[in-house]
>>> print(open('target_29.cif').read())   # mmCIF, C-alpha atoms
data_my_file
loop_
_atom_site.group_PDB
_atom_site.id
_atom_site.type_symbol
_atom_site.label_atom_id
_atom_site.label_comp_id
_atom_site.auth_asym_id
_atom_site.auth_seq_id
_atom_site.Cartn_x
_atom_site.Cartn_y
_atom_site.Cartn_z
ATOM 1 C CA MET A 115 -22.653 -3.164 0.722
ATOM 2 C CA ASP A 116 -24.354 -2.346 -2.572
ATOM 3 C CA GLU A 117 -24.134 1.354 -1.768
ATOM 4 C CA VAL A 118 -20.328 1.236 -1.995
ATOM 5 C CA ALA A 119 -18.979 1.910 -5.490
ATOM 6 C CA PHE A 120 -15.450 1.333 -6.777
ATOM 7 C CA ARG A 121 -13.646 3.563 -9.259
ATOM 8 C CA PRO A 122 -10.186 4.710 -10.314
ATOM 9 C CA ALA A 123 -8.948 7.506 -8.090
ATOM 10 C CA ARG A 124 -8.823 11.122 -9.200
ATOM 11 C CA ALA A 125 -6.299 13.783 -8.169
ATOM 12 C CA ALA A 126 -8.969 15.311 -5.905
ATOM 13 C CA ASP A 127 -9.006 12.036 -3.913
ATOM 14 C CA SER A 128 -5.360 12.516 -2.881
ATOM 15 C CA PRO A 129 -6.096 13.870 0.636
ATOM 16 C CA ALA A 130 -8.271 10.838 1.477
ATOM 17 C CA ILE A 131 -5.787 8.437 -0.133
ATOM 18 C CA THR A 132 -3.007 10.001 1.934
ATOM 19 C CA GLU A 133 -4.951 9.679 5.169
ATOM 20 C CA LEU A 134 -5.855 6.040 4.479
ATOM 21 C CA TYR A 135 -2.316 5.204 3.407
ATOM 22 C CA GLN A 136 -0.952 6.744 6.605
ATOM 23 C CA MET A 137 -3.383 4.666 8.692
ATOM 24 C CA ALA A 138 -2.182 1.422 7.091
ATOM 25 C CA ALA A 139 1.549 2.160 6.841
ATOM 26 C CA GLY A 140 2.543 1.563 10.461
ATOM 27 C CA GLY A 141 4.526 4.785 10.649
ATOM 28 C CA VAL A 142 6.507 4.222 7.434
ATOM 29 C CA ALA A 143 4.540 6.929 5.607
ATOM 30 C CA ASP A 144 5.158 9.388 8.455
ATOM 31 C CA TYR A 145 8.862 8.550 8.283
ATOM 32 C CA ILE A 146 9.039 9.227 4.531
ATOM 33 C CA TRP A 147 6.733 12.228 4.437
ATOM 34 C CA SER A 148 8.381 13.964 7.398
ATOM 35 C CA GLY A 149 11.536 14.102 5.287
ATOM 36 C CA LEU A 150 9.596 15.609 2.379
ATOM 37 C CA ALA A 151 7.577 18.178 4.333
ATOM 38 C CA GLY A 152 8.612 21.776 3.875
ATOM 39 C CA PRO A 153 8.652 24.407 6.617
ATOM 40 C CA GLY A 154 5.218 24.691 8.220
ATOM 41 C CA GLU A 155 3.926 21.732 6.219
ATOM 42 C CA SER A 156 2.405 18.660 7.874
ATOM 43 C CA VAL A 157 3.290 15.100 6.952
ATOM 44 C CA LEU A 158 -0.225 14.745 5.501
ATOM 45 C CA ASP A 159 0.363 17.795 3.303
ATOM 46 C CA ALA A 160 3.600 16.236 2.037
ATOM 47 C CA GLY A 161 1.867 12.900 1.446
ATOM 48 C CA THR A 162 -0.996 14.555 -0.421
ATOM 49 C CA GLN A 163 1.442 16.384 -2.678
ATOM 50 C CA ARG A 164 3.167 13.080 -3.351
ATOM 51 C CA PHE A 165 -0.079 11.337 -4.359
ATOM 52 C CA GLN A 166 -1.155 14.285 -6.528
ATOM 53 C CA ARG A 167 1.797 13.682 -8.837
ATOM 54 C CA GLU A 168 1.284 11.849 -12.115
ATOM 55 C CA ASN A 169 3.244 9.207 -14.007
ATOM 56 C CA THR A 170 5.072 7.896 -10.947
ATOM 57 C CA ASP A 171 4.522 4.860 -8.717
ATOM 58 C CA PHE A 172 3.243 6.881 -5.759
ATOM 59 C CA SER A 173 0.399 8.611 -7.568
ATOM 60 C CA TYR A 174 -3.372 8.664 -7.321
ATOM 61 C CA GLN A 175 -3.204 7.107 -10.801
ATOM 62 C CA HIS A 176 -2.287 3.766 -9.190
ATOM 63 C CA CYS A 177 -5.164 3.840 -6.693
ATOM 64 C CA LEU A 178 -8.625 2.370 -6.748
ATOM 65 C CA VAL A 179 -11.073 3.873 -4.282
ATOM 66 C CA ALA A 180 -14.253 2.659 -2.634
ATOM 67 C CA GLU A 181 -16.790 5.404 -2.142
ATOM 68 C CA ARG A 182 -20.209 5.937 -0.678
ATOM 69 C CA ASP A 183 -22.242 9.061 -1.319
ATOM 70 C CA SER A 184 -19.198 10.623 -3.058
ATOM 71 C CA ASP A 185 -17.010 10.089 0.044
ATOM 72 C CA VAL A 186 -13.936 7.881 -0.189
ATOM 73 C CA VAL A 187 -14.250 5.103 2.422
ATOM 74 C CA GLY A 188 -11.371 2.861 1.343
ATOM 75 C CA MET A 189 -8.567 2.494 -1.162
ATOM 76 C CA ILE A 190 -5.908 0.219 -2.586
ATOM 77 C CA HIS A 191 -2.629 1.507 -3.982
ATOM 78 C CA ALA A 192 -0.925 -0.895 -6.408
ATOM 79 C CA TYR A 193 1.630 -0.440 -9.159
ATOM 80 C CA PRO A 194 3.571 -2.775 -11.454
ATOM 81 C CA ILE A 195 7.128 -3.818 -10.661
ATOM 82 C CA MET A 196 8.664 -5.356 -13.759
ATOM 83 C CA GLU A 197 12.114 -6.178 -12.396
ATOM 84 C CA VAL A 198 13.833 -6.122 -9.051
ATOM 85 C CA GLN A 199 16.544 -3.494 -8.827
ATOM 86 C CA GLN A 200 19.865 -3.930 -7.039
ATOM 87 C CA VAL A 201 19.589 -2.216 -3.637
ATOM 88 C CA PRO A 202 22.409 0.320 -3.239
ATOM 89 C CA ASP A 203 24.436 0.291 -0.020
ATOM 90 C CA GLU A 204 23.388 3.851 0.795
ATOM 91 C CA VAL A 205 19.635 3.099 0.918
ATOM 92 C CA ASP A 206 18.004 4.435 4.072
ATOM 93 C CA PRO A 207 18.110 1.631 6.682
ATOM 94 C CA VAL A 208 14.410 2.063 7.574
ATOM 95 C CA LEU A 209 13.424 1.647 3.920
ATOM 96 C CA ARG A 210 15.980 -1.082 3.100
ATOM 97 C CA PRO A 211 13.699 -4.019 4.086
ATOM 98 C CA PHE A 212 11.041 -2.794 1.647
ATOM 99 C CA CYS A 213 13.562 -2.401 -1.173
ATOM 100 C CA GLU A 214 15.083 -5.827 -0.530
ATOM 101 C CA LEU A 215 11.688 -7.540 -0.441
ATOM 102 C CA GLU A 216 10.453 -6.471 -3.864
ATOM 103 C CA SER A 217 9.176 -9.226 -6.142
ATOM 104 C CA ALA A 218 8.831 -9.054 -9.925
ATOM 105 C CA PRO A 219 7.257 -9.146 -12.354
ATOM 106 C CA GLY A 220 3.917 -8.409 -10.808
ATOM 107 C CA LEU A 221 1.561 -5.888 -9.332
ATOM 108 C CA TYR A 222 2.827 -4.636 -5.976
ATOM 109 C CA ILE A 223 0.151 -3.666 -3.452
ATOM 110 C CA ALA A 224 1.648 -0.823 -1.435
ATOM 111 C CA ARG A 225 -1.357 -0.409 0.891
ATOM 112 C CA VAL A 226 -5.001 -1.375 1.344
ATOM 113 C CA ALA A 227 -7.064 0.576 3.855
ATOM 114 C CA CYS A 228 -10.605 1.449 4.904
ATOM 115 C CA TYR A 229 -11.772 3.936 7.478
ATOM 116 C CA ALA A 230 -12.521 2.173 10.781
ATOM 117 C CA GLU A 231 -16.296 2.439 10.450
ATOM 118 C CA TRP A 232 -16.071 0.566 7.119
ATOM 119 C CA CYS A 233 -13.792 -2.257 8.267
ATOM 120 C CA GLY A 234 -15.240 -5.753 8.336
ATOM 121 C CA GLN A 235 -17.711 -5.079 5.527
ATOM 122 C CA GLY A 236 -15.770 -6.773 2.728
ATOM 123 C CA ILE A 237 -14.448 -3.596 1.121
ATOM 124 C CA GLY A 238 -10.800 -4.661 1.438
ATOM 125 C CA THR A 239 -11.603 -8.069 -0.047
ATOM 126 C CA ARG A 240 -13.392 -6.453 -2.979
ATOM 127 C CA LEU A 241 -10.485 -4.040 -3.525
ATOM 128 C CA LEU A 242 -8.078 -7.008 -3.556
ATOM 129 C CA ASP A 243 -10.312 -8.888 -5.999
ATOM 130 C CA LYS A 244 -10.484 -5.933 -8.369
ATOM 131 C CA THR A 245 -6.702 -5.531 -8.136
ATOM 132 C CA ARG A 246 -6.236 -9.243 -8.868
ATOM 133 C CA ARG A 247 -8.391 -8.862 -11.978
ATOM 134 C CA ARG A 248 -6.413 -5.768 -12.997
ATOM 135 C CA ALA A 249 -3.121 -7.700 -12.734
ATOM 136 C CA MET A 250 -4.503 -10.595 -14.778
ATOM 137 C CA GLY A 251 -5.794 -8.142 -17.392
ATOM 138 C CA GLU A 252 -2.308 -6.628 -17.605
ATOM 139 C CA GLY A 253 -0.774 -10.085 -18.014
ATOM 140 C CA LEU A 254 1.121 -9.930 -14.717
ATOM 141 C CA PRO A 255 1.848 -13.295 -13.057
ATOM 142 C CA GLU A 256 1.537 -12.301 -9.391
ATOM 143 C CA LEU A 257 0.407 -9.892 -6.724
ATOM 144 C CA SER A 258 2.853 -9.018 -3.966
ATOM 145 C CA LEU A 259 2.772 -6.952 -0.796
ATOM 146 C CA ILE A 260 4.788 -6.366 2.337
ATOM 147 C CA ALA A 261 3.148 -6.747 5.741
ATOM 148 C CA PHE A 262 4.408 -6.457 9.306
ATOM 149 C CA ALA A 263 4.853 -9.863 10.959
ATOM 150 C CA GLU A 264 3.598 -8.392 14.250
ATOM 151 C CA LYS A 265 0.191 -7.827 12.611
ATOM 152 C CA SER A 266 -0.722 -11.516 12.612
ATOM 153 C CA GLU A 267 -4.394 -10.796 11.866
ATOM 154 C CA THR A 268 -3.341 -9.010 8.672
ATOM 155 C CA ILE A 269 -1.058 -11.889 7.685
ATOM 156 C CA ARG A 270 -3.961 -14.342 8.170
ATOM 157 C CA LEU A 271 -6.280 -12.145 6.074
ATOM 158 C CA TYR A 272 -3.794 -12.134 3.190
ATOM 159 C CA GLU A 273 -3.275 -15.897 3.528
ATOM 160 C CA ARG A 274 -7.046 -16.371 3.149
ATOM 161 C CA GLU A 275 -6.752 -14.300 -0.034
ATOM 162 C CA GLY A 276 -4.150 -16.693 -1.502
ATOM 163 C CA PHE A 277 -0.926 -14.962 -0.425
ATOM 164 C CA THR A 278 1.967 -16.929 1.053
ATOM 165 C CA VAL A 279 5.080 -15.725 2.850
ATOM 166 C CA HIS A 280 8.086 -15.720 0.516
ATOM 167 C CA ASP A 281 10.728 -13.788 2.443
ATOM 168 C CA ARG A 282 11.254 -11.519 5.420
ATOM 169 C CA ARG A 283 13.643 -8.873 6.708
ATOM 170 C CA PRO A 284 14.068 -7.404 10.193
ATOM 171 C CA MET A 285 12.684 -3.908 10.671
ATOM 172 C CA PRO A 286 15.133 -1.478 12.260
ATOM 173 C CA ASP A 287 13.999 0.337 15.386
ATOM 174 C CA HIS A 288 12.852 3.887 14.781
ATOM 175 C CA PRO A 289 10.528 6.043 16.916
ATOM 176 C CA LEU A 290 8.128 6.663 14.001
ATOM 177 C CA ILE A 291 7.765 2.982 13.047
ATOM 178 C CA HIS A 292 4.947 1.281 14.977
ATOM 179 C CA TYR A 293 6.055 -2.317 14.478
ATOM 180 C CA GLY A 294 9.276 -4.138 15.205
ATOM 181 C CA GLY A 295 10.083 -7.663 14.196
ATOM 182 C CA ASP A 296 10.051 -8.492 10.511
ATOM 183 C CA ALA A 297 8.679 -7.016 7.337
ATOM 184 C CA VAL A 298 7.206 -9.959 5.392
ATOM 185 C CA LEU A 299 6.973 -10.343 1.617
ATOM 186 C CA MET A 300 3.753 -12.106 0.637
ATOM 187 C CA VAL A 301 3.020 -13.250 -2.911
ATOM 188 C CA ALA A 302 -0.139 -14.533 -4.604
ATOM 189 C CA PRO A 303 0.390 -16.195 -7.997
ATOM 190 C CA LEU A 304 -2.277 -15.486 -10.611
#
>>> encode(input="target_29.cif", output="structure tokens")
Amino acid sequence: MDEVAFRPARAADSPAITELYQMAAGGVADYIWSGLAGPGESVLDAGTQRFQRENTDFSYQHCLVAERDSDVVGMIHAYPIMEVQQVPDEVDPVLRPFCELESAPGLYIARVACYAEWCGQGIGTRLLDKTRRRAMGEGLPELSLIAFAEKSETIRLYEREGFTVHDRRPMPDHPLIHYGGDAVLMVAPL
């Protein structure tokens, strides 16, 4: 594990961040990015363009990457949410559960992911620990994330990391979304 280094992401990491984010998003990223893709553009192209932006929540600037031999092997995407916004009636029904489940103030973990060959080696745990320390350094009182209830192994992993279930919302059926059941807000006080 010593050969894995952790560092703030750079714009050039955006393709790997996009791929990892897509792997962990259960189809939600494909749903969003398919609406952003231009003619002849793939969902990964649209996602990469989104992460290459600066000074916005969905930016490489809010990612920490794990790398080995200059290759990104994992990442965590987290950004501060300082207050919960009122959810407008016209919010997309697939995205509504995520909007309704925001918690604030705190550092929201949008996704944590490692490539399959790196899973089970503690990289995700180390990314979470570094993110926890970042939140404490920024004076934020909690970490939050949204998981799919159907992924019980993921829920148990987050519970071992100090997260507890605070709320849930049903996920609407959509062909791009891999999981039904509930989206679950999990919070870890700092």
>>> resolve_selection(input="target_29.cif", expression="the PyMOL selection byres ((chain A and resi 228-233) around 8)", output="PyMOL selection string")
chain A and resi 134+187-189+226-227+234-238
>>> atom_distance(input="target_29.cif", atom1="atom CA of Leu299 of chain A", atom2="atom CA of Glu273 of chain A")
11.8 Å
>>> resolve_selection(input="target_29.cif", expression="the PyMOL selection byres ((chain A and resi 214) around 12)", output="list in words")
Val198, Gln199, Gln200, Val201, Pro202, Asp203, Val205, Asp206, Pro207, Val208, Leu209, Arg210, Pro211, Phe212, Cys213, Leu215, Glu216, Ser217, Ala218, Ile260, Asp281, Arg282, Arg283, Pro284, Met285, Ala297, Val298 and Leu299 of chain A
>>> write_last_selection(input="target_29.cif", atoms="C-alpha atoms", output="PDB file, keeping the file's coordinate frame")
ATOM      1  CA  VAL A 198      13.833  -6.122  -9.051  1.00  0.00           C
ATOM      2  CA  GLN A 199      16.544  -3.494  -8.827  1.00  0.00           C
ATOM      3  CA  GLN A 200      19.865  -3.930  -7.039  1.00  0.00           C
ATOM      4  CA  VAL A 201      19.589  -2.216  -3.637  1.00  0.00           C
ATOM      5  CA  PRO A 202      22.409   0.320  -3.239  1.00  0.00           C
ATOM      6  CA  ASP A 203      24.436   0.291  -0.020  1.00  0.00           C
ATOM      7  CA  VAL A 205      19.635   3.099   0.918  1.00  0.00           C
ATOM      8  CA  ASP A 206      18.004   4.435   4.072  1.00  0.00           C
ATOM      9  CA  PRO A 207      18.110   1.631   6.682  1.00  0.00           C
ATOM     10  CA  VAL A 208      14.410   2.063   7.574  1.00  0.00           C
ATOM     11  CA  LEU A 209      13.424   1.647   3.920  1.00  0.00           C
ATOM     12  CA  ARG A 210      15.980  -1.082   3.100  1.00  0.00           C
ATOM     13  CA  PRO A 211      13.699  -4.019   4.086  1.00  0.00           C
ATOM     14  CA  PHE A 212      11.041  -2.794   1.647  1.00  0.00           C
ATOM     15  CA  CYS A 213      13.562  -2.401  -1.173  1.00  0.00           C
ATOM     16  CA  LEU A 215      11.688  -7.540  -0.441  1.00  0.00           C
ATOM     17  CA  GLU A 216      10.453  -6.471  -3.864  1.00  0.00           C
ATOM     18  CA  SER A 217       9.176  -9.226  -6.142  1.00  0.00           C
ATOM     19  CA  ALA A 218       8.831  -9.054  -9.925  1.00  0.00           C
ATOM     20  CA  ILE A 260       4.788  -6.366   2.337  1.00  0.00           C
ATOM     21  CA  ASP A 281      10.728 -13.788   2.443  1.00  0.00           C
ATOM     22  CA  ARG A 282      11.254 -11.519   5.420  1.00  0.00           C
ATOM     23  CA  ARG A 283      13.643  -8.873   6.708  1.00  0.00           C
ATOM     24  CA  PRO A 284      14.068  -7.404  10.193  1.00  0.00           C
ATOM     25  CA  MET A 285      12.684  -3.908  10.671  1.00  0.00           C
ATOM     26  CA  ALA A 297       8.679  -7.016   7.337  1.00  0.00           C
ATOM     27  CA  VAL A 298       7.206  -9.959   5.392  1.00  0.00           C
ATOM     28  CA  LEU A 299       6.973 -10.343   1.617  1.00  0.00           C
TER      29      LEU A 299
END
>>> resolve_selection(input="target_29.cif", expression="the PyMOL selection byres ((chain A and resi 289) around 12)", output="VMD selection string")
chain A and resid 140 to 142 144 to 145 208 285 to 288 290 to 294
>>> residues_around(input="target_29.cif", residues="Ser156 of chain A", least_positions_apart="6", cutoff="10 Å", atoms="all atoms listed in the file", output="PyMOL selection string")
chain A and resi 144+147-148+150+162
>>> residues_around(input="target_29.cif", residues="Thr245 of chain A", least_positions_apart="6", cutoff="9 Å", atoms="all atoms listed in the file", output="PyMOL selection string")
chain A and resi 178+190+192+221+223+257
>>> atom_distance(input="target_29.cif", atom1="atom CA of Ala302 of chain A", atom2="atom CA of His191 of chain A")
16.2 Å
>>> closest_residue(input="target_29.cif", among="A:Ala139, A:Ile146, A:Ile195, A:Ala125", to="Gln175 of chain A", atoms="all atoms listed in the file")
A:Ala125
>>> residues_around(input="target_29.cif", residues="Val301 of chain A", least_positions_apart="3", cutoff="9 Å", atoms="only C-alpha atoms", output="PDB file with C-alpha atoms, in the frame of the given file")
ATOM      1  CA  SER A 217       9.176  -9.226  -6.142  1.00  0.00           C
ATOM      2  CA  GLU A 256       1.537 -12.301  -9.391  1.00  0.00           C
ATOM      3  CA  LEU A 257       0.407  -9.892  -6.724  1.00  0.00           C
ATOM      4  CA  SER A 258       2.853  -9.018  -3.966  1.00  0.00           C
ATOM      5  CA  LEU A 259       2.772  -6.952  -0.796  1.00  0.00           C
ATOM      6  CA  ILE A 260       4.788  -6.366   2.337  1.00  0.00           C
ATOM      7  CA  GLY A 276      -4.150 -16.693  -1.502  1.00  0.00           C
ATOM      8  CA  PHE A 277      -0.926 -14.962  -0.425  1.00  0.00           C
ATOM      9  CA  THR A 278       1.967 -16.929   1.053  1.00  0.00           C
ATOM     10  CA  VAL A 279       5.080 -15.725   2.850  1.00  0.00           C
ATOM     11  CA  HIS A 280       8.086 -15.720   0.516  1.00  0.00           C
TER      12      HIS A 280
END
>>> build_atoms(input="target_29.cif", residues="segment 206-228 of chain A", atoms="N, CA, C and O atoms", output="compact mmCIF listing (two decimals), in the frame of the given file")
# COMPACT_ATOMS: atom_id res chain seq x y z
N ASP A 206 18.42 4.16 2.70
CA ASP A 206 18.00 4.43 4.07
C ASP A 206 17.72 3.12 4.80
O ASP A 206 16.98 2.28 4.30
N PRO A 207 18.30 2.91 5.99
CA PRO A 207 18.11 1.63 6.68
C PRO A 207 16.66 1.32 7.05
O PRO A 207 16.28 0.14 7.11
N VAL A 208 15.82 2.32 7.27
CA VAL A 208 14.41 2.06 7.57
C VAL A 208 13.68 1.57 6.33
O VAL A 208 12.77 0.73 6.42
N LEU A 209 14.09 2.04 5.17
CA LEU A 209 13.42 1.65 3.92
C LEU A 209 14.05 0.42 3.27
O LEU A 209 13.44 -0.21 2.40
N ARG A 210 15.26 0.05 3.69
CA ARG A 210 15.98 -1.08 3.10
C ARG A 210 15.15 -2.36 3.07
O ARG A 210 15.10 -3.04 2.03
N PRO A 211 14.47 -2.76 4.16
CA PRO A 211 13.70 -4.02 4.09
C PRO A 211 12.68 -4.01 2.95
O PRO A 211 12.48 -5.03 2.28
N PHE A 212 12.05 -2.88 2.70
CA PHE A 212 11.04 -2.79 1.65
C PHE A 212 11.68 -2.92 0.27
O PHE A 212 11.14 -3.57 -0.62
N CYS A 213 12.85 -2.30 0.10
CA CYS A 213 13.56 -2.40 -1.17
C CYS A 213 14.04 -3.83 -1.41
O CYS A 213 13.94 -4.35 -2.53
N GLU A 214 14.55 -4.47 -0.38
CA GLU A 214 15.08 -5.83 -0.53
C GLU A 214 13.99 -6.86 -0.75
O GLU A 214 14.25 -7.94 -1.29
N LEU A 215 12.78 -6.57 -0.35
CA LEU A 215 11.69 -7.54 -0.44
C LEU A 215 10.84 -7.40 -1.70
O LEU A 215 9.80 -8.06 -1.81
N GLU A 216 11.24 -6.59 -2.64
CA GLU A 216 10.45 -6.47 -3.86
C GLU A 216 10.43 -7.79 -4.63
O GLU A 216 11.40 -8.56 -4.59
N SER A 217 9.34 -8.04 -5.31
CA SER A 217 9.18 -9.23 -6.14
C SER A 217 8.71 -8.78 -7.52
O SER A 217 7.94 -7.82 -7.64
N ALA A 218 9.18 -9.46 -8.57
CA ALA A 218 8.83 -9.05 -9.93
C ALA A 218 8.92 -10.26 -10.86
O ALA A 218 9.65 -11.21 -10.57
N PRO A 219 8.21 -10.18 -11.97
CA PRO A 219 7.26 -9.15 -12.35
C PRO A 219 5.91 -9.38 -11.67
O PRO A 219 5.54 -10.51 -11.39
N GLY A 220 5.23 -8.30 -11.42
CA GLY A 220 3.92 -8.41 -10.81
C GLY A 220 3.36 -7.06 -10.44
O GLY A 220 3.96 -6.02 -10.73
N LEU A 221 2.22 -7.10 -9.81
CA LEU A 221 1.56 -5.89 -9.33
C LEU A 221 1.78 -5.83 -7.83
O LEU A 221 1.38 -6.73 -7.10
N TYR A 222 2.49 -4.80 -7.38
CA TYR A 222 2.83 -4.64 -5.98
C TYR A 222 1.74 -3.81 -5.29
O TYR A 222 1.43 -2.70 -5.72
N ILE A 223 1.17 -4.37 -4.23
CA ILE A 223 0.15 -3.67 -3.45
C ILE A 223 0.86 -2.94 -2.32
O ILE A 223 1.35 -3.55 -1.37
N ALA A 224 0.94 -1.62 -2.45
CA ALA A 224 1.65 -0.82 -1.44
C ALA A 224 0.82 -0.71 -0.16
O ALA A 224 1.36 -0.85 0.94
N ARG A 225 -0.48 -0.51 -0.28
CA ARG A 225 -1.36 -0.41 0.89
C ARG A 225 -2.80 -0.66 0.48
O ARG A 225 -3.22 -0.31 -0.63
N VAL A 226 -3.54 -1.23 1.42
CA VAL A 226 -5.00 -1.38 1.34
C VAL A 226 -5.52 -0.82 2.66
O VAL A 226 -4.99 -1.17 3.72
N ALA A 227 -6.54 0.02 2.61
CA ALA A 227 -7.06 0.58 3.86
C ALA A 227 -8.51 1.01 3.69
O ALA A 227 -8.93 1.42 2.61
N CYS A 228 -9.25 0.92 4.80
CA CYS A 228 -10.60 1.45 4.90
C CYS A 228 -10.68 2.24 6.20
O CYS A 228 -9.99 1.92 7.16
